[in-house]
file upload.txt (compact mmCIF, C-alpha atoms)
# COMPACT_ATOMS: atom_id res chain seq x y z
CA MET A 1 322.19 146.89 88.98
CA ALA A 2 324.28 147.75 91.92
CA ALA A 3 321.56 150.16 92.93
CA LEU A 4 319.20 147.27 93.14
CA GLY A 5 321.59 145.30 95.27
CA ILE A 6 322.36 142.81 92.58
CA ASP A 7 325.97 141.98 92.05
CA PRO A 8 326.55 141.13 88.37
CA LEU A 9 329.28 138.64 89.22
CA VAL A 10 327.03 136.83 91.70
CA LEU A 11 324.26 136.90 89.11
CA ILE A 12 326.56 135.30 86.54
CA VAL A 13 327.61 132.69 89.11
CA TYR A 14 323.92 132.00 89.87
CA ILE A 15 323.15 131.68 86.17
CA ILE A 16 326.13 129.37 85.66
CA ASN A 17 325.07 127.36 88.74
CA PHE A 18 321.51 127.24 87.48
CA GLY A 19 322.67 126.09 84.02
CA LEU A 20 325.01 123.54 85.61
CA VAL A 21 322.22 122.20 87.86
CA LEU A 22 319.88 122.20 84.89
CA PHE A 23 322.47 120.27 82.79
CA LEU A 24 323.17 117.81 85.60
CA LEU A 25 319.47 117.26 86.30
CA GLN A 26 318.79 116.73 82.64
CA ARG A 27 321.75 114.40 82.24
CA PHE A 28 321.43 112.36 85.45
CA ALA A 29 317.81 112.74 86.53
CA TYR A 30 315.51 113.77 83.70
CA LYS A 31 316.73 111.26 81.06
CA PRO A 32 316.83 108.28 83.48
CA ILE A 33 313.41 109.17 84.85
CA LEU A 34 312.03 109.44 81.31
CA GLY A 35 313.71 106.12 80.43
CA MET A 36 312.29 104.54 83.54
CA LEU A 37 308.81 105.91 82.72
CA GLU A 38 309.12 104.59 79.17
CA GLN A 39 310.16 101.17 80.49
CA ARG A 40 307.25 101.21 82.91
CA GLN A 41 304.86 102.21 80.15
CA GLN A 42 306.28 99.40 77.99
CA ARG A 43 305.83 96.87 80.81
CA ILE A 44 302.25 98.05 81.33
CA SER A 45 301.46 97.79 77.62
CA ASP A 46 303.12 94.34 77.51
CA SER A 47 301.08 93.26 80.53
CA LEU A 48 297.90 94.56 78.90
CA ALA A 49 298.75 92.73 75.68
CA ALA A 50 299.46 89.53 77.64
CA ALA A 51 296.16 89.96 79.51
CA ASP A 52 294.31 90.45 76.22
CA LYS A 53 296.02 87.38 74.77
CA ALA A 54 295.14 85.35 77.87
CA ALA A 55 291.53 86.54 77.63
CA GLU A 56 291.40 85.51 73.97
CA GLU A 57 292.89 82.10 74.79
CA ALA A 58 290.40 81.69 77.64
CA ALA A 59 287.53 82.59 75.31
CA GLN A 60 288.86 80.14 72.72
CA GLN A 61 289.20 77.39 75.32
CA ARG A 62 285.68 78.17 76.53
CA VAL A 63 284.33 77.76 73.01
CA GLU A 64 286.20 74.46 72.60
CA PHE A 65 284.94 73.30 76.00
CA GLU A 66 281.36 74.16 75.04
CA LYS A 67 281.76 72.24 71.77
CA GLU A 68 283.10 69.19 73.63
CA LEU A 69 280.31 69.52 76.19
CA ALA A 70 277.73 69.63 73.39
CA LYS A 71 279.31 66.55 71.82
CA ALA A 72 279.26 64.75 75.18
CA ARG A 73 275.61 65.68 75.70
CA GLN A 74 274.71 64.48 72.24
CA SER A 75 276.62 61.26 72.80
CA SER A 76 274.92 60.64 76.13
CA GLN A 77 271.51 61.38 74.60
CA GLU A 78 272.30 58.95 71.78
CA ASP A 79 273.36 56.31 74.31
CA ALA A 80 270.19 56.90 76.33
CA ARG A 81 268.09 56.61 73.16
CA LYS A 82 269.84 53.36 72.21
CA ALA A 83 269.32 51.99 75.72
CA ALA A 84 265.63 52.92 75.56
CA GLU A 85 265.30 51.23 72.18
CA ALA A 86 267.05 48.11 73.45
CA THR A 87 264.80 48.07 76.52
CA GLU A 88 261.69 48.46 74.36
CA LYS A 89 262.88 45.67 72.06
CA MET A 90 263.50 43.38 75.05
CA ARG A 91 260.06 44.26 76.42
CA GLN A 92 258.45 43.39 73.08
CA GLU A 93 260.38 40.10 72.91
CA ILE A 94 259.35 39.20 76.47
CA LEU A 95 255.71 40.05 75.70
CA ALA A 96 255.83 37.98 72.51
CA ALA A 97 257.36 35.05 74.38
CA ALA A 98 254.72 35.35 77.11
CA ARG A 99 251.93 35.46 74.52
CA GLN A 100 253.36 32.41 72.76
CA GLU A 101 253.67 30.56 76.04
CA ALA A 102 250.08 31.47 76.92
CA GLU A 103 248.92 30.20 73.52
CA ASP A 104 250.91 26.99 74.02
CA ILE A 105 249.34 26.50 77.45
CA LYS A 106 245.84 27.12 76.02
CA SER A 107 246.49 24.75 73.14
CA LYS A 108 247.77 22.07 75.49
CA ALA A 109 244.78 22.57 77.78
CA ARG A 110 242.41 22.24 74.79
CA GLU A 111 244.15 19.05 73.69
CA GLU A 112 243.97 17.62 77.20
CA ALA A 113 240.31 18.61 77.47
CA GLU A 114 239.60 16.99 74.10
CA GLN A 115 241.41 13.80 75.14
CA GLU A 116 239.52 13.73 78.40
CA LYS A 117 236.27 14.31 76.53
CA GLN A 118 237.10 11.44 74.16
CA ALA A 119 237.95 9.22 77.14
CA ILE A 120 234.69 10.11 78.87
CA MET A 121 232.75 9.53 75.63
CA ALA A 122 234.39 6.13 75.18
CA ASP A 123 233.65 5.27 78.79
CA LEU A 124 230.03 6.41 78.36
CA GLN A 125 229.70 4.32 75.19
CA LYS A 126 231.07 1.29 76.99
CA GLN A 127 228.69 1.82 79.91
CA ALA A 128 225.79 2.39 77.51
CA ALA A 129 226.71 -0.79 75.64
CA ASP A 130 226.93 -2.75 78.88
CA LEU A 131 223.64 -1.30 80.04
CA ALA A 132 221.97 -2.08 76.70
CA MET A 133 223.27 -5.64 76.86
CA GLN A 134 221.92 -6.06 80.36
CA ILE A 135 218.54 -4.68 79.34
CA THR A 136 218.47 -6.89 76.25
CA ASN A 137 219.35 -9.94 78.35
CA LYS A 138 216.53 -9.19 80.72
CA VAL A 139 213.96 -8.52 78.02
CA VAL A 140 214.90 -11.15 75.47
CA GLY A 141 216.63 -13.50 77.75
CA GLU A 142 219.69 -15.50 76.97
CA ALA A 143 218.63 -16.28 73.41
CA VAL A 144 220.74 -13.67 71.62
CA ASP A 145 224.45 -14.36 71.70
CA GLU A 146 226.89 -11.83 73.08
CA ASN A 147 228.64 -11.02 69.77
CA ALA A 148 225.37 -10.23 68.06
CA GLN A 149 224.35 -8.03 71.02
CA ARG A 150 227.63 -6.11 70.83
CA LYS A 151 227.14 -5.60 67.12
CA LEU A 152 223.62 -4.25 67.67
CA VAL A 153 224.73 -1.97 70.50
CA ASN A 154 227.65 -0.60 68.49
CA GLN A 155 225.34 0.05 65.54
CA PHE A 156 222.87 1.83 67.84
CA LEU A 157 225.63 3.97 69.35
CA ALA A 158 226.98 4.82 65.88
CA ASP A 159 223.49 5.90 64.82
CA LEU A 160 223.24 7.94 68.01
CA GLY A 161 226.61 9.60 67.33
CA ASP A 162 225.51 10.53 63.78
CA ALA A 163 222.34 12.06 65.08
call {"tool": "encode", "arguments": {"input": "upload.txt", "output": "structure tokens"}}
result
Amino acid sequence: MAALGIDPLVLIVYIINFGLVLFLLQRFAYKPILGMLEQRQQRISDSLAAADKAAEEAAQQRVEFEKELAKARQSSQEDARKAAEATEKMRQEILAAARQEAEDIKSKAREEAEQEKQAIMADLQKQAADLAMQITNKVVGEAVDENAQRKLVNQFLADLGDA
């Protein structure tokens, strides 16, 4: 080996130095670096697990929110339906009251018209009786007394009313 320019003692020292460096690197660098990489990998997996858990919780909350939203929609639709029914009922009651009032007004108008008709008829009968008495007085003269004339006129008007 001397012919090659390699000193066996220096070679042994290099081998010992290499072994010592290898031991020191393994003891103080390789193991801590591997530990640090394992810790980092653990933190990453923990973070991924936490992210998955958060995503599941978010999905669960979303489902609950959608259920509550559906309930709220249903409730508001029910309230709107009830309000529409109440409005329709009020409308029907108002229409019924208006119809009743219109019927009452018509009935009252008929009664008033009937009363006025009766009053006019009575007035016409009185005028006809007076006119008949005047005509009778002129034709017959004063010979027939007034009570008898009234009786005749009333009988004539009664016969006229029956006809």
call {"tool": "atom_distance", "arguments": {"input": "upload.txt", "atom1": "atom CA of Leu131 of chain A", "atom2": "atom CA of Val153 of chain A"}}
result
9.6 Å
call {"tool": "atom_distance", "arguments": {"input": "upload.txt", "atom1": "atom CA of Arg43 of chain A", "atom2": "atom CA of Gln61 of chain A"}}
result
26.2 Å
call {"tool": "atom_distance", "arguments": {"input": "upload.txt", "atom1": "atom CA of Ala50 of chain A", "atom2": "atom CA of Leu69 of chain A"}}
result
27.7 Å
call {"tool": "decode", "arguments": {"input": "upload.txt", "residues": "segment 36-77 of chain A", "atoms": "N, CA and C atoms", "output": "PDB file, in the first residue's frame"}}
result
ATOM      1  N   MET A  36     -37.484  14.889  14.775  1.00  0.00           N
ATOM      2  CA  MET A  36     -38.144  16.126  14.365  1.00  0.00           C
ATOM      3  C   MET A  36     -39.069  15.863  13.169  1.00  0.00           C
ATOM      4  N   LEU A  37     -38.643  15.023  12.231  1.00  0.00           N
ATOM      5  CA  LEU A  37     -39.483  14.689  11.074  1.00  0.00           C
ATOM      6  C   LEU A  37     -40.721  13.902  11.512  1.00  0.00           C
ATOM      7  N   GLU A  38     -40.541  13.003  12.490  1.00  0.00           N
ATOM      8  CA  GLU A  38     -41.674  12.261  13.010  1.00  0.00           C
ATOM      9  C   GLU A  38     -42.661  13.203  13.715  1.00  0.00           C
ATOM     10  N   GLN A  39     -42.118  14.141  14.497  1.00  0.00           N
ATOM     11  CA  GLN A  39     -42.997  15.115  15.165  1.00  0.00           C
ATOM     12  C   GLN A  39     -43.752  15.961  14.128  1.00  0.00           C
ATOM     13  N   ARG A  40     -43.037  16.359  13.103  1.00  0.00           N
ATOM     14  CA  ARG A  40     -43.664  17.169  12.053  1.00  0.00           C
ATOM     15  C   ARG A  40     -44.748  16.356  11.355  1.00  0.00           C
ATOM     16  N   GLN A  41     -44.447  15.108  11.049  1.00  0.00           N
ATOM     17  CA  GLN A  41     -45.426  14.244  10.407  1.00  0.00           C
ATOM     18  C   GLN A  41     -46.639  14.055  11.322  1.00  0.00           C
ATOM     19  N   GLN A  42     -46.399  13.925  12.626  1.00  0.00           N
ATOM     20  CA  GLN A  42     -47.489  13.779  13.588  1.00  0.00           C
ATOM     21  C   GLN A  42     -48.340  15.045  13.630  1.00  0.00           C
ATOM     22  N   ARG A  43     -47.674  16.205  13.648  1.00  0.00           N
ATOM     23  CA  ARG A  43     -48.420  17.474  13.647  1.00  0.00           C
ATOM     24  C   ARG A  43     -49.254  17.605  12.372  1.00  0.00           C
ATOM     25  N   ILE A  44     -48.699  17.219  11.246  1.00  0.00           N
ATOM     26  CA  ILE A  44     -49.431  17.300   9.979  1.00  0.00           C
ATOM     27  C   ILE A  44     -50.637  16.376  10.007  1.00  0.00           C
ATOM     28  N   SER A  45     -50.419  15.130  10.490  1.00  0.00           N
ATOM     29  CA  SER A  45     -51.552  14.198  10.542  1.00  0.00           C
ATOM     30  C   SER A  45     -52.610  14.686  11.545  1.00  0.00           C
ATOM     31  N   ASP A  46     -52.151  15.262  12.686  1.00  0.00           N
ATOM     32  CA  ASP A  46     -53.104  15.825  13.640  1.00  0.00           C
ATOM     33  C   ASP A  46     -53.887  16.982  13.012  1.00  0.00           C
ATOM     34  N   SER A  47     -53.184  17.829  12.286  1.00  0.00           N
ATOM     35  CA  SER A  47     -53.842  18.963  11.618  1.00  0.00           C
ATOM     36  C   SER A  47     -54.841  18.469  10.578  1.00  0.00           C
ATOM     37  N   LEU A  48     -54.460  17.428   9.833  1.00  0.00           N
ATOM     38  CA  LEU A  48     -55.385  16.871   8.838  1.00  0.00           C
ATOM     39  C   LEU A  48     -56.610  16.263   9.527  1.00  0.00           C
ATOM     40  N   ALA A  49     -56.371  15.573  10.640  1.00  0.00           N
ATOM     41  CA  ALA A  49     -57.497  14.991  11.384  1.00  0.00           C
ATOM     42  C   ALA A  49     -58.400  16.096  11.924  1.00  0.00           C
ATOM     43  N   ALA A  50     -57.798  17.166  12.460  1.00  0.00           N
ATOM     44  CA  ALA A  50     -58.590  18.283  12.967  1.00  0.00           C
ATOM     45  C   ALA A  50     -59.366  18.942  11.826  1.00  0.00           C
ATOM     46  N   ALA A  51     -58.746  19.069  10.652  1.00  0.00           N
ATOM     47  CA  ALA A  51     -59.427  19.654   9.504  1.00  0.00           C
ATOM     48  C   ALA A  51     -60.592  18.766   9.069  1.00  0.00           C
ATOM     49  N   ASP A  52     -60.373  17.448   9.060  1.00  0.00           N
ATOM     50  CA  ASP A  52     -61.459  16.530   8.710  1.00  0.00           C
ATOM     51  C   ASP A  52     -62.605  16.633   9.716  1.00  0.00           C
ATOM     52  N   LYS A  53     -62.241  16.698  11.006  1.00  0.00           N
ATOM     53  CA  LYS A  53     -63.251  16.814  12.053  1.00  0.00           C
ATOM     54  C   LYS A  53     -64.028  18.118  11.896  1.00  0.00           C
ATOM     55  N   ALA A  54     -63.307  19.205  11.619  1.00  0.00           N
ATOM     56  CA  ALA A  54     -63.962  20.501  11.426  1.00  0.00           C
ATOM     57  C   ALA A  54     -64.881  20.458  10.206  1.00  0.00           C
ATOM     58  N   ALA A  55     -64.441  19.781   9.146  1.00  0.00           N
ATOM     59  CA  ALA A  55     -65.275  19.663   7.945  1.00  0.00           C
ATOM     60  C   ALA A  55     -66.537  18.859   8.253  1.00  0.00           C
ATOM     61  N   GLU A  56     -66.387  17.779   9.038  1.00  0.00           N
ATOM     62  CA  GLU A  56     -67.556  16.987   9.424  1.00  0.00           C
ATOM     63  C   GLU A  56     -68.518  17.806  10.279  1.00  0.00           C
ATOM     64  N   GLU A  57     -67.976  18.562  11.230  1.00  0.00           N
ATOM     65  CA  GLU A  57     -68.812  19.406  12.077  1.00  0.00           C
ATOM     66  C   GLU A  57     -69.521  20.472  11.247  1.00  0.00           C
ATOM     67  N   ALA A  58     -68.784  21.038  10.282  1.00  0.00           N
ATOM     68  CA  ALA A  58     -69.391  22.054   9.412  1.00  0.00           C
ATOM     69  C   ALA A  58     -70.516  21.440   8.585  1.00  0.00           C
ATOM     70  N   ALA A  59     -70.286  20.227   8.083  1.00  0.00           N
ATOM     71  CA  ALA A  59     -71.323  19.556   7.300  1.00  0.00           C
ATOM     72  C   ALA A  59     -72.528  19.256   8.187  1.00  0.00           C
ATOM     73  N   GLN A  60     -72.266  18.823   9.412  1.00  0.00           N
ATOM     74  CA  GLN A  60     -73.351  18.531  10.345  1.00  0.00           C
ATOM     75  C   GLN A  60     -74.137  19.794  10.682  1.00  0.00           C
ATOM     76  N   GLN A  61     -73.420  20.885  10.927  1.00  0.00           N
ATOM     77  CA  GLN A  61     -74.083  22.158  11.225  1.00  0.00           C
ATOM     78  C   GLN A  61     -74.884  22.639  10.016  1.00  0.00           C
ATOM     79  N   ARG A  62     -74.356  22.389   8.823  1.00  0.00           N
ATOM     80  CA  ARG A  62     -75.058  22.783   7.607  1.00  0.00           C
ATOM     81  C   ARG A  62     -76.375  22.011   7.489  1.00  0.00           C
ATOM     82  N   VAL A  63     -76.322  20.720   7.776  1.00  0.00           N
ATOM     83  CA  VAL A  63     -77.536  19.904   7.724  1.00  0.00           C
ATOM     84  C   VAL A  63     -78.548  20.410   8.749  1.00  0.00           C
ATOM     85  N   GLU A  64     -78.091  20.692   9.967  1.00  0.00           N
ATOM     86  CA  GLU A  64     -78.989  21.213  11.004  1.00  0.00           C
ATOM     87  C   GLU A  64     -79.568  22.563  10.592  1.00  0.00           C
ATOM     88  N   PHE A  65     -78.720  23.415  10.015  1.00  0.00           N
ATOM     89  CA  PHE A  65     -79.177  24.726   9.552  1.00  0.00           C
ATOM     90  C   PHE A  65     -80.243  24.569   8.473  1.00  0.00           C
ATOM     91  N   GLU A  66     -80.023  23.640   7.543  1.00  0.00           N
ATOM     92  CA  GLU A  66     -80.995  23.424   6.476  1.00  0.00           C
ATOM     93  C   GLU A  66     -82.311  22.894   7.047  1.00  0.00           C
ATOM     94  N   LYS A  67     -82.228  22.023   8.072  1.00  0.00           N
ATOM     95  CA  LYS A  67     -83.453  21.533   8.707  1.00  0.00           C
ATOM     96  C   LYS A  67     -84.202  22.688   9.365  1.00  0.00           C
ATOM     97  N   GLU A  68     -83.483  23.532  10.097  1.00  0.00           N
ATOM     98  CA  GLU A  68     -84.117  24.679  10.762  1.00  0.00           C
ATOM     99  C   GLU A  68     -84.694  25.644   9.734  1.00  0.00           C
ATOM    100  N   LEU A  69     -83.975  25.831   8.633  1.00  0.00           N
ATOM    101  CA  LEU A  69     -84.461  26.706   7.567  1.00  0.00           C
ATOM    102  C   LEU A  69     -85.739  26.134   6.959  1.00  0.00           C
ATOM    103  N   ALA A  70     -85.765  24.817   6.752  1.00  0.00           N
ATOM    104  CA  ALA A  70     -86.976  24.189   6.214  1.00  0.00           C
ATOM    105  C   ALA A  70     -88.138  24.345   7.185  1.00  0.00           C
ATOM    106  N   LYS A  71     -87.862  24.182   8.486  1.00  0.00           N
ATOM    107  CA  LYS A  71     -88.911  24.363   9.488  1.00  0.00           C
ATOM    108  C   LYS A  71     -89.415  25.806   9.466  1.00  0.00           C
ATOM    109  N   ALA A  72     -88.487  26.752   9.381  1.00  0.00           N
ATOM    110  CA  ALA A  72     -88.874  28.172   9.354  1.00  0.00           C
ATOM    111  C   ALA A  72     -89.707  28.473   8.113  1.00  0.00           C
ATOM    112  N   ARG A  73     -89.318  27.911   6.981  1.00  0.00           N
ATOM    113  CA  ARG A  73     -90.094  28.125   5.751  1.00  0.00           C
ATOM    114  C   ARG A  73     -91.493  27.548   5.903  1.00  0.00           C
ATOM    115  N   GLN A  74     -91.558  26.332   6.434  1.00  0.00           N
ATOM    116  CA  GLN A  74     -92.853  25.698   6.617  1.00  0.00           C
ATOM    117  C   GLN A  74     -93.710  26.511   7.568  1.00  0.00           C
ATOM    118  N   SER A  75     -93.104  26.993   8.637  1.00  0.00           N
ATOM    119  CA  SER A  75     -93.839  27.801   9.610  1.00  0.00           C
ATOM    120  C   SER A  75     -94.342  29.089   8.961  1.00  0.00           C
ATOM    121  N   SER A  76     -93.500  29.729   8.184  1.00  0.00           N
ATOM    122  CA  SER A  76     -93.922  30.983   7.544  1.00  0.00           C
ATOM    123  C   SER A  76     -95.006  30.718   6.501  1.00  0.00           C
ATOM    124  N   GLN A  77     -94.911  29.588   5.794  1.00  0.00           N
ATOM    125  CA  GLN A  77     -95.962  29.251   4.837  1.00  0.00           C
ATOM    126  C   GLN A  77     -97.272  28.964   5.562  1.00  0.00           C
TER     127      GLN A  77
END
